[in-house]
Amino acid sequence: MANEVNNRPAAEPTQAEMNELLRIRREKLKELQDAGTDPFQQVRFERTNYTTDIRDKFDEMEGKTVRLAGRMMSKRIMGKASFADLSDRYGRLQLYIKRDALGDEAYKGFKKLDIGDLIGIQGEVFRTQKGEISVAVNELTLLSKNLIPLPEKWHGLKDTDMRYRQRYVDLIINPEVRDVFEKRSAIVREIRRFMDGRGFMEVETPCLNTIPGGAAARPFITHHNALDIDMYMRIATELHLKRLIVGGFEQVYEIGRIFRNEGMDTKHNPEFTTIELYQAYTDYQGMMDITEDMVVHVCQTVLGTTHVTYQGTELDFSKGWKRMTMADAVKEYSGLDFMTMNQEEALAAVKAKGLEVEKNKESWGDLLAQCYDEYVEANLIQPTFITDYPVEVSPLAKRKPSDPRLTERFECFVYGRELCNAFSELNDPIDQRQRFERQVELRNAGDDEASMMDDDFVTALEYGMPPTGGMGMGIDRLVMLLTDSASIRDVLLFPTMKPLD
């Protein structure tokens, strides 16, 4: 910190040194305020360009007067002339500050500025003798004062936990972090563009519900004082969106926050973002096509390629993703052929593998799903659709006409992780009620992730829902894959953190 004027690396300051730097900066602020130039009273600065405008269009910008605003990230005092780097939303640009051009008093004021101060400048675009694109400053305004020294560029924010807690500092110091969130915004924008282009209508459904439904997950519980009832933060948008299909909106989607009261790790955060989409008169095969087309579109428009390197592994998102049934996948990776076994034979085979079977999870379908989790998921590196899930783990999916033990459901896996979940939606109200009743039994037996009975949704189905395909995708996980981010916290601006106290 002590060397920020000459911009050379320095050791991280001790607490005593930091306290002294804080004191000095507040003294500088008071000096400005006493002189009637309080930087916090600045309300507007009209700028004409961003740093990238000058870099990208230098040939036409050279010699022109521009006005820029941003954060001063370095300062090099060299007597009657100095250099500084200004950082804005799009990048950094060198400033050339000459006493003769700025004036004696203004130049003295510039020399007192600190790294991290927000400034506005006016000047002429030129290239230095060393070839550096720069702006020769003739006006400079302090727009806001930095009172806490930024971390040294060479040391940065070493504490990953602190990077997440103080994302604002992380974004200032690390341009690559800003790039991740620029890409995230572009990914969401392109998803919307793709969906709108396919004729889907974007809608909004409630975050607060009297019944948590649409997924197997533990909800957050809150209390509505006026109604004096407990309510649940939504764990999915599915059931409301399907009500809209019943009402005649034949293609709907929602991009929104989901809340699940569960553990946190590199793939899970208590609140996260999904897209759910539903289309009448199609099925899960149609949803596979839409899913694949959407991801290919996002890759091509945001990244310019469908070949992505994630954590050292090249992923190929180009058209033609692998498709296989859950039973075939289990057979390939475990050797167990569930399609040739009844429940008793499957239970014996699973136990022979040394797997522990949970109480109330001994059905043929539960055993198939358990073996899938144990033997298959981690092997699915390239984009792969796993289809035909057992009915026991798919309470909202339509049964396969050719085998009622299974449902018309798929999940897409990439790098051993679930990316999305989709069904041919169950539209039989009688079957739906029976499946809800089984979920209630599981819930009463202690499974707090099992669904509750949703009588109103069953009523909606009784009015008639057309054959429908639906899909839900974790946008955070897609962003992780497309930005080579190891943790979900790296793609959430403000991830959930345990309080320091």
# chains A, B, ... in the order shown; residues from 1 in each chain; ligands from 1
call {"tool": "residues_around", "arguments": {"residues": "range 265-274 of chain A", "least_positions_apart": "6", "cutoff": "8 Å", "atoms": "only C-alpha atoms", "output": "PyMOL selection string"}}
result
chain A and resi 254-259+472-477+486-489+495-496
call {"tool": "closest_atom_pairs", "arguments": {"of": "range 89-205 of chain A", "to": "range 65-72 of chain A", "cutoff": "12 Å", "atoms": "only C-alpha atoms", "output": "CSV"}}
result
residue,atom,partner,partner_atom,distance
A:Arg89,CA,A:Gly70,CA,7.9
A:Tyr90,CA,A:Gly70,CA,10.1
A:Gly91,CA,A:Gly70,CA,9.7
A:Arg92,CA,A:Gly70,CA,9.0
A:Leu93,CA,A:Leu68,CA,9.8
A:Gln94,CA,A:Met72,CA,9.8
A:Leu95,CA,A:Met72,CA,9.5
A:Phe110,CA,A:Met72,CA,10.8
A:Leu113,CA,A:Met72,CA,8.8
A:Asp114,CA,A:Met72,CA,7.8
A:Ile115,CA,A:Met72,CA,5.6
A:Gly116,CA,A:Met72,CA,5.3
A:Asp117,CA,A:Met72,CA,5.6
A:Leu118,CA,A:Arg71,CA,4.4
A:Ile119,CA,A:Ala69,CA,5.7
A:Gly120,CA,A:Ala69,CA,4.2
A:Ile121,CA,A:Leu68,CA,5.4
A:Gln122,CA,A:Arg67,CA,4.4
A:Gly123,CA,A:Thr65,CA,5.3
A:Glu124,CA,A:Thr65,CA,4.5
A:Val125,CA,A:Thr65,CA,6.5
A:Phe126,CA,A:Thr65,CA,9.9
A:Ser134,CA,A:Val66,CA,11.1
A:Val135,CA,A:Val66,CA,8.2
A:Ala136,CA,A:Thr65,CA,9.2
A:Val137,CA,A:Arg67,CA,9.4
A:Asn138,CA,A:Thr65,CA,9.7
A:Glu139,CA,A:Arg67,CA,9.1
A:Leu140,CA,A:Arg67,CA,9.7
A:Thr141,CA,A:Ala69,CA,9.2
A:Leu142,CA,A:Ala69,CA,9.8
A:Leu143,CA,A:Ala69,CA,8.6
A:Ser144,CA,A:Arg71,CA,9.2
A:Lys145,CA,A:Arg71,CA,9.9
A:Asn146,CA,A:Arg71,CA,9.3
A:Pro149,CA,A:Met72,CA,11.9
A:Leu150,CA,A:Met72,CA,10.9
A:Leu171,CA,A:Arg71,CA,12.0
A:Ile172,CA,A:Arg71,CA,8.7
A:Ile173,CA,A:Arg71,CA,10.9
call {"tool": "closest_residue", "arguments": {"among": "A:Asp228, A:Gly469, A:Asp366, A:Glu437", "to": "Lys398 in chain A", "atoms": "only C-alpha atoms"}}
result
A:Gly469
call {"tool": "residues_around", "arguments": {"residues": "Gly365 in chain A", "least_positions_apart": "5", "cutoff": "12 Å", "atoms": "only C-alpha atoms", "output": "VMD selection string"}}
result
chain A and resid 326 to 327 338 to 339 341 to 344 346 to 347 360 370 to 372 388 to 394 403 to 407
call {"tool": "select_by_dssp", "arguments": {"residues": "range 70-274 of chain A", "states": "alpha helix (DSSP H)", "output": "PyMOL selection string"}}
result
chain A and resi 99-102+104-111+160-165+167-173+175-197+238-246
call {"tool": "closest_residue", "arguments": {"among": "A:Tyr415, A:Pro395, A:Asn261, A:Met465", "to": "Val440 in chain A", "atoms": "only C-alpha atoms"}}
result
A:Pro395
call {"tool": "select_by_dssp", "arguments": {"residues": "range 63-163 of chain A", "states": "strand (DSSP E or B)", "output": "VMD selection string"}}
result
chain A and resid 65 to 78 81 to 87 92 to 98 118 to 127 133 to 144
